[in-house]
file coords_34.cif (mmCIF, C-alpha atoms)
data_target
#
loop_
_atom_site.label_atom_id
_atom_site.label_comp_id
_atom_site.auth_asym_id
_atom_site.auth_seq_id
_atom_site.Cartn_x
_atom_site.Cartn_y
_atom_site.Cartn_z
CA MET A 109 63.68 155.80 151.01
CA HIS A 110 65.83 153.07 149.46
CA MET A 111 64.39 153.87 146.02
CA MET A 112 65.11 157.59 146.46
CA ARG A 113 68.67 156.79 147.48
CA SER A 114 69.17 154.53 144.45
CA LEU A 115 67.76 157.18 142.16
CA PHE A 116 70.10 159.80 143.61
CA LEU A 117 73.15 157.51 143.24
CA SER A 118 72.17 156.67 139.65
CA ALA A 119 71.85 160.35 138.79
CA ALA A 120 75.19 161.16 140.44
CA THR A 121 76.89 158.29 138.58
CA LEU A 122 75.41 159.46 135.28
CA MET A 123 76.68 163.01 135.87
CA VAL A 124 80.19 161.76 136.72
CA CYS A 125 80.27 159.56 133.61
CA ALA A 126 79.03 162.38 131.39
CA CYS A 127 81.61 164.79 132.78
CA SER A 128 84.46 162.33 132.42
CA GLN A 129 83.95 161.93 128.67
CA GLN A 130 86.61 163.92 126.89
CA SER A 131 86.42 165.46 123.48
CA PRO A 132 88.74 163.90 120.89
CA PRO A 133 92.26 165.33 120.79
CA LEU A 134 92.96 168.08 118.29
CA ASP A 135 94.67 167.05 115.07
CA LEU A 136 97.60 169.43 115.18
CA ALA A 137 99.88 167.28 113.05
CA PRO A 138 102.31 168.99 110.68
CA ARG A 139 100.55 170.30 107.60
CA ALA A 140 101.19 172.41 104.52
CA LEU A 141 100.90 176.18 104.68
CA SER A 142 97.42 177.33 103.64
CA THR A 143 97.06 180.09 101.07
CA PRO A 144 95.70 183.47 102.21
CA ALA A 145 92.61 182.82 100.03
CA GLU A 146 92.00 179.44 101.69
CA ILE A 147 92.29 180.97 105.15
CA ALA A 148 89.97 183.86 104.23
CA ALA A 149 87.38 181.39 102.89
CA ASN A 150 87.42 179.40 106.14
CA TRP A 151 88.33 181.83 108.92
CA GLN A 152 87.62 185.53 109.47
CA PRO A 153 89.58 187.47 112.10
CA SER A 154 87.28 188.51 114.93
CA ARG A 155 90.06 190.01 117.07
CA LYS A 156 93.42 191.12 115.67
CA ILE A 157 95.74 192.85 118.14
CA GLU A 158 98.57 195.02 116.82
CA PRO A 159 101.89 194.13 118.45
CA ARG A 160 103.47 196.58 120.86
CA TYR A 161 106.67 198.12 119.63
CA PRO A 162 109.49 197.12 122.03
CA ARG A 163 110.37 200.23 124.06
CA ASP A 164 114.11 199.69 123.98
CA ALA A 165 113.95 199.34 120.18
CA VAL A 166 112.10 202.68 119.92
CA ALA A 167 114.66 204.31 122.20
CA ALA A 168 117.44 202.99 119.95
CA ALA A 169 115.48 203.93 116.78
CA GLU A 170 115.65 200.31 115.61
CA MET A 171 113.22 198.82 113.14
CA GLY A 172 112.64 195.11 112.75
CA CYS A 173 110.35 192.27 111.76
CA ALA A 174 109.24 188.74 112.51
CA THR A 175 107.40 186.15 110.44
CA LEU A 176 105.37 183.56 112.34
CA GLU A 177 103.67 180.34 111.28
CA TYR A 178 100.78 178.96 113.33
CA LEU A 179 97.78 176.71 113.27
CA ILE A 180 94.27 178.14 113.57
CA THR A 181 92.51 175.68 115.89
CA PRO A 182 88.83 174.68 115.83
CA ALA A 183 88.38 177.17 118.71
CA GLY A 184 89.69 179.96 116.45
CA GLU A 185 92.96 180.45 118.32
CA ALA A 186 96.61 180.32 117.28
CA ALA A 187 98.54 177.20 118.33
CA GLN A 188 101.97 175.74 117.63
CA VAL A 189 103.46 179.14 116.83
CA ARG A 190 106.83 178.91 115.09
CA ILE A 191 109.26 181.69 114.19
CA VAL A 192 110.05 181.49 110.46
CA SER A 193 112.33 184.53 110.37
CA ARG A 194 113.11 187.55 112.51
CA SER A 195 115.48 190.46 112.65
CA ASP A 196 115.74 190.41 116.45
CA GLU A 197 114.31 188.41 119.36
CA ARG A 198 112.54 191.50 120.77
CA PHE A 199 110.41 191.76 117.63
CA SER A 200 109.50 188.06 117.49
CA ASP A 201 108.58 188.16 121.20
CA ALA A 202 106.25 191.13 120.61
CA ALA A 203 104.72 189.42 117.56
CA ILE A 204 104.09 186.18 119.49
CA GLN A 205 102.45 188.11 122.33
CA ALA A 206 100.09 189.82 119.88
CA LEU A 207 99.32 186.65 117.90
CA SER A 208 98.46 184.75 121.09
CA ARG A 209 95.58 187.21 121.61
CA TRP A 210 94.18 186.92 118.06
CA GLN A 211 90.84 185.20 117.53
CA TRP A 212 89.19 183.85 114.36
CA GLN A 213 85.57 183.03 113.59
CA ALA A 214 84.78 180.12 111.28
CA THR A 215 82.97 181.18 108.10
CA GLU A 216 79.73 179.59 106.94
CA PHE A 217 81.84 177.42 104.59
CA ASN A 218 83.87 176.05 107.53
CA LYS A 219 81.18 174.39 109.64
CA SER A 220 83.67 171.68 110.69
CA HIS A 221 86.13 174.32 111.99
CA GLN A 222 88.95 172.89 109.91
CA VAL A 223 92.47 173.47 111.28
CA LEU A 224 94.59 175.52 108.86
CA LYS A 225 98.20 176.64 108.90
CA GLY A 226 98.76 180.37 108.47
CA GLN A 227 101.73 182.69 108.23
CA THR A 228 101.92 186.37 109.14
CA ARG A 229 104.72 188.89 108.83
CA PHE A 230 104.92 191.57 111.52
CA ASP A 231 106.83 194.75 110.66
CA PHE A 232 108.00 197.21 113.29
CA CYS A 233 108.55 200.55 111.62
CA ILE A 234 109.57 204.00 112.86
CA GLU A 235 108.26 207.26 111.41
CA VAL A 236 110.49 210.23 112.13
CA ASN A 237 108.89 213.68 112.09
CA GLY A 238 105.87 212.36 110.20
CA GLN A 239 107.90 210.82 107.36
CA PRO A 240 106.72 207.31 106.39
CA CYS A 241 109.09 204.54 107.33
CA GLU A 242 110.92 202.50 104.74
CA GLN A 243 109.62 198.92 104.78
CA ALA A 244 111.70 197.53 101.90
CA PRO A 245 114.64 196.47 104.13
CA LEU A 246 112.21 194.64 106.43
CA ALA A 247 110.77 192.67 103.51
CA GLN A 248 114.28 191.46 102.69
CA THR A 249 114.80 190.19 106.25
CA CYS A 250 111.41 188.60 106.92
CA GLN A 251 109.42 186.68 104.35
CA GLY A 252 105.70 186.99 103.80
CA SER A 253 103.28 189.44 102.31
CA ASP A 254 100.51 191.64 103.68
CA PRO A 255 102.36 192.50 106.91
CA VAL A 256 100.80 193.62 110.16
CA ILE A 257 102.55 196.90 110.91
CA SER A 258 103.38 198.32 114.30
CA THR A 259 104.48 201.93 113.92
CA ALA A 260 106.41 204.02 116.40
CA ARG A 261 106.52 207.77 115.84
CA ILE A 262 109.48 209.90 116.81
CA TYR A 263 109.38 213.68 116.68
CA THR A 264 112.45 215.81 117.12
CA GLN A 265 112.42 219.52 117.75
CA VAL A 266 114.09 221.65 115.15
CA ARG A 267 115.44 225.01 116.37
#

call {"tool": "encode", "arguments": {"input": "coords_34.cif", "output": "structure tokens"}}
result
Amino acid sequence: MHMMRSLFLSAATLMVCACSQQSPPLDLAPRALSTPAEIAANWQPSRKIEPRYPRDAVAAAEMGCATLEYLITPAGEAAQVRIVSRSDERFSDAAIQALSRWQWQATEFNKSHQVLKGQTRFDFCIEVNGQPCEQAPLAQTCQGSDPVISTARIYTQVR
């Protein structure tokens, strides 16, 4: 009985010790912005959510943009999100909400799940009666290329 009790206590102690070991902290120190090619070689998007166009901005027929910088963590999530530029707080809030739901998968060349710094421009554009929206003014307000576009469509009745 004493031996069984000792064995049980040893096993319980081993489990507690194993569970208390923590993984090393993430290295999320400031770093240089990675190029789009470097990010594509190391991380592939596995879930990319389009931002929701702010309702009050649609009602006011307002277009806008936001550019965000972020780190892609070893878990393939966005961390340390920073607003680089924005036309309005409503658009940066919507962009942050979408980015927080994005997920990346490490490529076969990124077995160590290297942390990289990315940047994405989010454009919020309104099409009126099927006419494409004009993105040029947004590009002047928010820096970055290859934007993620959230489009609102407004149709008016012509009599």

call {"tool": "closest_residue", "arguments": {"input": "coords_34.cif", "among": "A:Leu207, A:Val192, A:Ala183, A:Cys233", "to": "Arg155 (chain A)", "atoms": "only C-alpha atoms"}}
result
A:Leu207

call {"tool": "resolve_selection", "arguments": {"input": "coords_34.cif", "expression": "the PyMOL selection byres ((chain A and resi 237) around 7)", "output": "list of chain:residue names"}}
result
A:Glu235, A:Val236, A:Gly238, A:Gln239, A:Ile262, A:Tyr263, A:Thr264

call {"tool": "closest_residue", "arguments": {"input": "coords_34.cif", "among": "A:Ser208, A:Thr175, A:Ser200, A:Ser220", "to": "Cys250 (chain A)", "atoms": "all atoms listed in the file"}}
result
A:Thr175

call {"tool": "residues_around", "arguments": {"input": "coords_34.cif", "residues": "Thr259 (chain A)", "least_positions_apart": "2", "cutoff": "12 Å", "atoms": "only C-alpha atoms", "output": "tab-separated table (two decimals) with C-alpha atoms, in the frame of the given file"}}
result
chain	number	residue	atom	x	y	z
A	158	GLU	CA	98.57	195.02	116.82
A	159	PRO	CA	101.89	194.13	118.45
A	160	ARG	CA	103.47	196.58	120.86
A	161	TYR	CA	106.67	198.12	119.63
A	162	PRO	CA	109.49	197.12	122.03
A	163	ARG	CA	110.37	200.23	124.06
A	165	ALA	CA	113.95	199.34	120.18
A	166	VAL	CA	112.10	202.68	119.92
A	169	ALA	CA	115.48	203.93	116.78
A	170	GLU	CA	115.65	200.31	115.61
A	171	MET	CA	113.22	198.82	113.14
A	172	GLY	CA	112.64	195.11	112.75
A	173	CYS	CA	110.35	192.27	111.76
A	230	PHE	CA	104.92	191.57	111.52
A	231	ASP	CA	106.83	194.75	110.66
A	232	PHE	CA	108.00	197.21	113.29
A	233	CYS	CA	108.55	200.55	111.62
A	234	ILE	CA	109.57	204.00	112.86
A	235	GLU	CA	108.26	207.26	111.41
A	236	VAL	CA	110.49	210.23	112.13
A	238	GLY	CA	105.87	212.36	110.20
A	239	GLN	CA	107.90	210.82	107.36
A	240	PRO	CA	106.72	207.31	106.39
A	241	CYS	CA	109.09	204.54	107.33
A	242	GLU	CA	110.92	202.50	104.74
A	243	GLN	CA	109.62	198.92	104.78
A	255	PRO	CA	102.36	192.50	106.91
A	256	VAL	CA	100.80	193.62	110.16
A	257	ILE	CA	102.55	196.90	110.91
A	261	ARG	CA	106.52	207.77	115.84
A	262	ILE	CA	109.48	209.90	116.81

call {"tool": "residues_around", "arguments": {"input": "coords_34.cif", "residues": "Leu179 (chain A)", "least_positions_apart": "5", "cutoff": "12 Å", "atoms": "all atoms listed in the file", "output": "MDAnalysis selection string"}}
result
chainID A and resid 134:142 147 151 184:190 207:208 210:212 221:228

call {"tool": "atom_distance", "arguments": {"input": "coords_34.cif", "atom1": "CA of Pro182 (chain A)", "atom2": "CA of Phe199 (chain A)"}}
result
27.6 Å

call {"tool": "atom_distance", "arguments": {"input": "coords_34.cif", "atom1": "CA of Pro144 (chain A)", "atom2": "CA of Arg209 (chain A)"}}
result
19.8 Å

call {"tool": "closest_residue", "arguments": {"input": "coords_34.cif", "among": "A:Gln251, A:Arg229, A:Asp201, A:Asn218", "to": "Gln152 (chain A)", "atoms": "all atoms listed in the file"}}
result
A:Asn218

call {"tool": "decode", "arguments": {"input": "coords_34.cif", "residues": "region 129-230 of chain A", "atoms": "C-alpha atoms", "output": "PDB file, in the first residue's frame"}}
result
ATOM      1  CA  GLN A 129       6.843  24.340 -17.568  1.00  0.00           C
ATOM      2  CA  GLN A 130       6.105  27.310 -19.754  1.00  0.00           C
ATOM      3  CA  SER A 131       7.075  27.811 -23.344  1.00  0.00           C
ATOM      4  CA  PRO A 132       9.616  30.581 -23.937  1.00  0.00           C
ATOM      5  CA  PRO A 133       8.161  34.061 -24.365  1.00  0.00           C
ATOM      6  CA  LEU A 134       7.519  35.266 -27.898  1.00  0.00           C
ATOM      7  CA  ASP A 135      10.124  37.567 -29.405  1.00  0.00           C
ATOM      8  CA  LEU A 136       7.872  40.446 -30.371  1.00  0.00           C
ATOM      9  CA  ALA A 137      10.601  43.077 -30.253  1.00  0.00           C
ATOM     10  CA  PRO A 138      10.469  45.946 -32.751  1.00  0.00           C
ATOM     11  CA  ARG A 139      11.597  44.834 -36.182  1.00  0.00           C
ATOM     12  CA  ALA A 140      11.820  46.090 -39.750  1.00  0.00           C
ATOM     13  CA  LEU A 141       8.849  45.807 -42.077  1.00  0.00           C
ATOM     14  CA  SER A 142       9.025  42.613 -44.143  1.00  0.00           C
ATOM     15  CA  THR A 143       8.551  42.789 -47.893  1.00  0.00           C
ATOM     16  CA  PRO A 144       5.390  41.266 -49.397  1.00  0.00           C
ATOM     17  CA  ALA A 145       7.619  38.655 -51.124  1.00  0.00           C
ATOM     18  CA  GLU A 146       9.259  37.707 -47.813  1.00  0.00           C
ATOM     19  CA  ILE A 147       5.883  37.322 -46.125  1.00  0.00           C
ATOM     20  CA  ALA A 148       4.507  35.248 -49.025  1.00  0.00           C
ATOM     21  CA  ALA A 149       7.550  32.949 -48.876  1.00  0.00           C
ATOM     22  CA  ASN A 150       7.057  32.332 -45.151  1.00  0.00           C
ATOM     23  CA  TRP A 151       3.327  32.697 -44.452  1.00  0.00           C
ATOM     24  CA  GLN A 152       0.218  31.933 -46.501  1.00  0.00           C
ATOM     25  CA  PRO A 153      -3.156  33.347 -45.454  1.00  0.00           C
ATOM     26  CA  SER A 154      -5.456  30.552 -44.341  1.00  0.00           C
ATOM     27  CA  ARG A 155      -8.281  32.869 -43.241  1.00  0.00           C
ATOM     28  CA  LYS A 156      -8.659  36.449 -44.468  1.00  0.00           C
ATOM     29  CA  ILE A 157     -11.812  38.249 -43.345  1.00  0.00           C
ATOM     30  CA  GLU A 158     -12.995  41.300 -45.274  1.00  0.00           C
ATOM     31  CA  PRO A 159     -13.731  44.229 -42.952  1.00  0.00           C
ATOM     32  CA  ARG A 160     -17.313  45.323 -42.448  1.00  0.00           C
ATOM     33  CA  TYR A 161     -18.101  48.716 -43.850  1.00  0.00           C
ATOM     34  CA  PRO A 162     -19.169  51.001 -40.960  1.00  0.00           C
ATOM     35  CA  ARG A 163     -22.946  51.486 -41.264  1.00  0.00           C
ATOM     36  CA  ASP A 164     -22.920  55.168 -40.397  1.00  0.00           C
ATOM     37  CA  ALA A 165     -20.255  55.754 -43.064  1.00  0.00           C
ATOM     38  CA  VAL A 166     -22.446  54.025 -45.680  1.00  0.00           C
ATOM     39  CA  ALA A 167     -25.437  56.105 -44.595  1.00  0.00           C
ATOM     40  CA  ALA A 168     -23.346  59.260 -45.009  1.00  0.00           C
ATOM     41  CA  ALA A 169     -21.852  57.966 -48.312  1.00  0.00           C
ATOM     42  CA  GLU A 170     -18.348  58.335 -46.861  1.00  0.00           C
ATOM     43  CA  MET A 171     -15.362  56.426 -48.162  1.00  0.00           C
ATOM     44  CA  GLY A 172     -12.186  55.898 -46.188  1.00  0.00           C
ATOM     45  CA  CYS A 173      -9.107  53.820 -45.490  1.00  0.00           C
ATOM     46  CA  ALA A 174      -6.720  52.555 -42.847  1.00  0.00           C
ATOM     47  CA  THR A 175      -3.208  51.132 -43.052  1.00  0.00           C
ATOM     48  CA  LEU A 176      -2.168  48.749 -40.285  1.00  0.00           C
ATOM     49  CA  GLU A 177       1.179  47.257 -39.306  1.00  0.00           C
ATOM     50  CA  TYR A 178       1.306  44.016 -37.331  1.00  0.00           C
ATOM     51  CA  LEU A 179       3.433  41.057 -36.422  1.00  0.00           C
ATOM     52  CA  ILE A 180       2.563  37.577 -37.660  1.00  0.00           C
ATOM     53  CA  THR A 181       3.214  35.365 -34.616  1.00  0.00           C
ATOM     54  CA  PRO A 182       4.460  31.765 -34.605  1.00  0.00           C
ATOM     55  CA  ALA A 183       0.791  30.780 -34.089  1.00  0.00           C
ATOM     56  CA  GLY A 184      -0.097  32.529 -37.367  1.00  0.00           C
ATOM     57  CA  GLU A 185      -2.034  35.375 -35.744  1.00  0.00           C
ATOM     58  CA  ALA A 186      -1.719  39.156 -35.876  1.00  0.00           C
ATOM     59  CA  ALA A 187      -0.196  40.812 -32.797  1.00  0.00           C
ATOM     60  CA  GLN A 188       0.966  44.303 -31.852  1.00  0.00           C
ATOM     61  CA  VAL A 189      -1.338  45.950 -34.381  1.00  0.00           C
ATOM     62  CA  ARG A 190      -0.476  49.596 -35.017  1.00  0.00           C
ATOM     63  CA  ILE A 191      -2.341  52.180 -37.091  1.00  0.00           C
ATOM     64  CA  VAL A 192       0.052  53.691 -39.645  1.00  0.00           C
ATOM     65  CA  SER A 193      -2.506  55.964 -41.299  1.00  0.00           C
ATOM     66  CA  ARG A 194      -6.267  56.337 -41.480  1.00  0.00           C
ATOM     67  CA  SER A 195      -8.882  58.656 -42.852  1.00  0.00           C
ATOM     68  CA  ASP A 196     -11.251  58.166 -39.915  1.00  0.00           C
ATOM     69  CA  GLU A 197     -11.355  56.175 -36.667  1.00  0.00           C
ATOM     70  CA  ARG A 198     -14.407  54.190 -37.850  1.00  0.00           C
ATOM     71  CA  PHE A 199     -12.396  52.719 -40.727  1.00  0.00           C
ATOM     72  CA  SER A 200      -9.348  51.826 -38.617  1.00  0.00           C
ATOM     73  CA  ASP A 201     -11.635  50.187 -36.019  1.00  0.00           C
ATOM     74  CA  ALA A 202     -13.280  48.054 -38.729  1.00  0.00           C
ATOM     75  CA  ALA A 203      -9.872  47.138 -40.183  1.00  0.00           C
ATOM     76  CA  ILE A 204      -8.509  46.111 -36.762  1.00  0.00           C
ATOM     77  CA  GLN A 205     -11.576  43.961 -36.102  1.00  0.00           C
ATOM     78  CA  ALA A 206     -11.083  42.141 -39.416  1.00  0.00           C
ATOM     79  CA  LEU A 207      -7.306  41.750 -39.014  1.00  0.00           C
ATOM     80  CA  SER A 208      -7.739  40.263 -35.528  1.00  0.00           C
ATOM     81  CA  ARG A 209      -9.618  37.358 -37.161  1.00  0.00           C
ATOM     82  CA  TRP A 210      -7.009  36.679 -39.871  1.00  0.00           C
ATOM     83  CA  GLN A 211      -4.949  33.499 -39.706  1.00  0.00           C
ATOM     84  CA  TRP A 212      -1.734  32.496 -41.504  1.00  0.00           C
ATOM     85  CA  GLN A 213      -0.187  29.082 -42.130  1.00  0.00           C
ATOM     86  CA  ALA A 214       3.598  28.737 -42.147  1.00  0.00           C
ATOM     87  CA  THR A 215       4.983  27.605 -45.507  1.00  0.00           C
ATOM     88  CA  GLU A 216       7.321  24.643 -45.880  1.00  0.00           C
ATOM     89  CA  PHE A 217      10.210  27.153 -45.932  1.00  0.00           C
ATOM     90  CA  ASN A 218       9.193  28.552 -42.527  1.00  0.00           C
ATOM     91  CA  LYS A 219       9.468  25.487 -40.300  1.00  0.00           C
ATOM     92  CA  SER A 220      10.602  27.688 -37.390  1.00  0.00           C
ATOM     93  CA  HIS A 221       7.462  29.866 -37.697  1.00  0.00           C
ATOM     94  CA  GLN A 222       9.529  33.038 -37.919  1.00  0.00           C
ATOM     95  CA  VAL A 223       7.809  36.216 -36.698  1.00  0.00           C
ATOM     96  CA  LEU A 224       7.486  38.788 -39.497  1.00  0.00           C
ATOM     97  CA  LYS A 225       6.173  42.330 -39.608  1.00  0.00           C
ATOM     98  CA  GLY A 226       3.501  43.007 -42.222  1.00  0.00           C
ATOM     99  CA  GLN A 227       1.505  45.976 -43.409  1.00  0.00           C
ATOM    100  CA  THR A 228      -1.920  46.020 -45.037  1.00  0.00           C
ATOM    101  CA  ARG A 229      -4.004  48.852 -46.438  1.00  0.00           C
ATOM    102  CA  PHE A 230      -7.773  48.544 -46.079  1.00  0.00           C
TER     103      PHE A 230
END
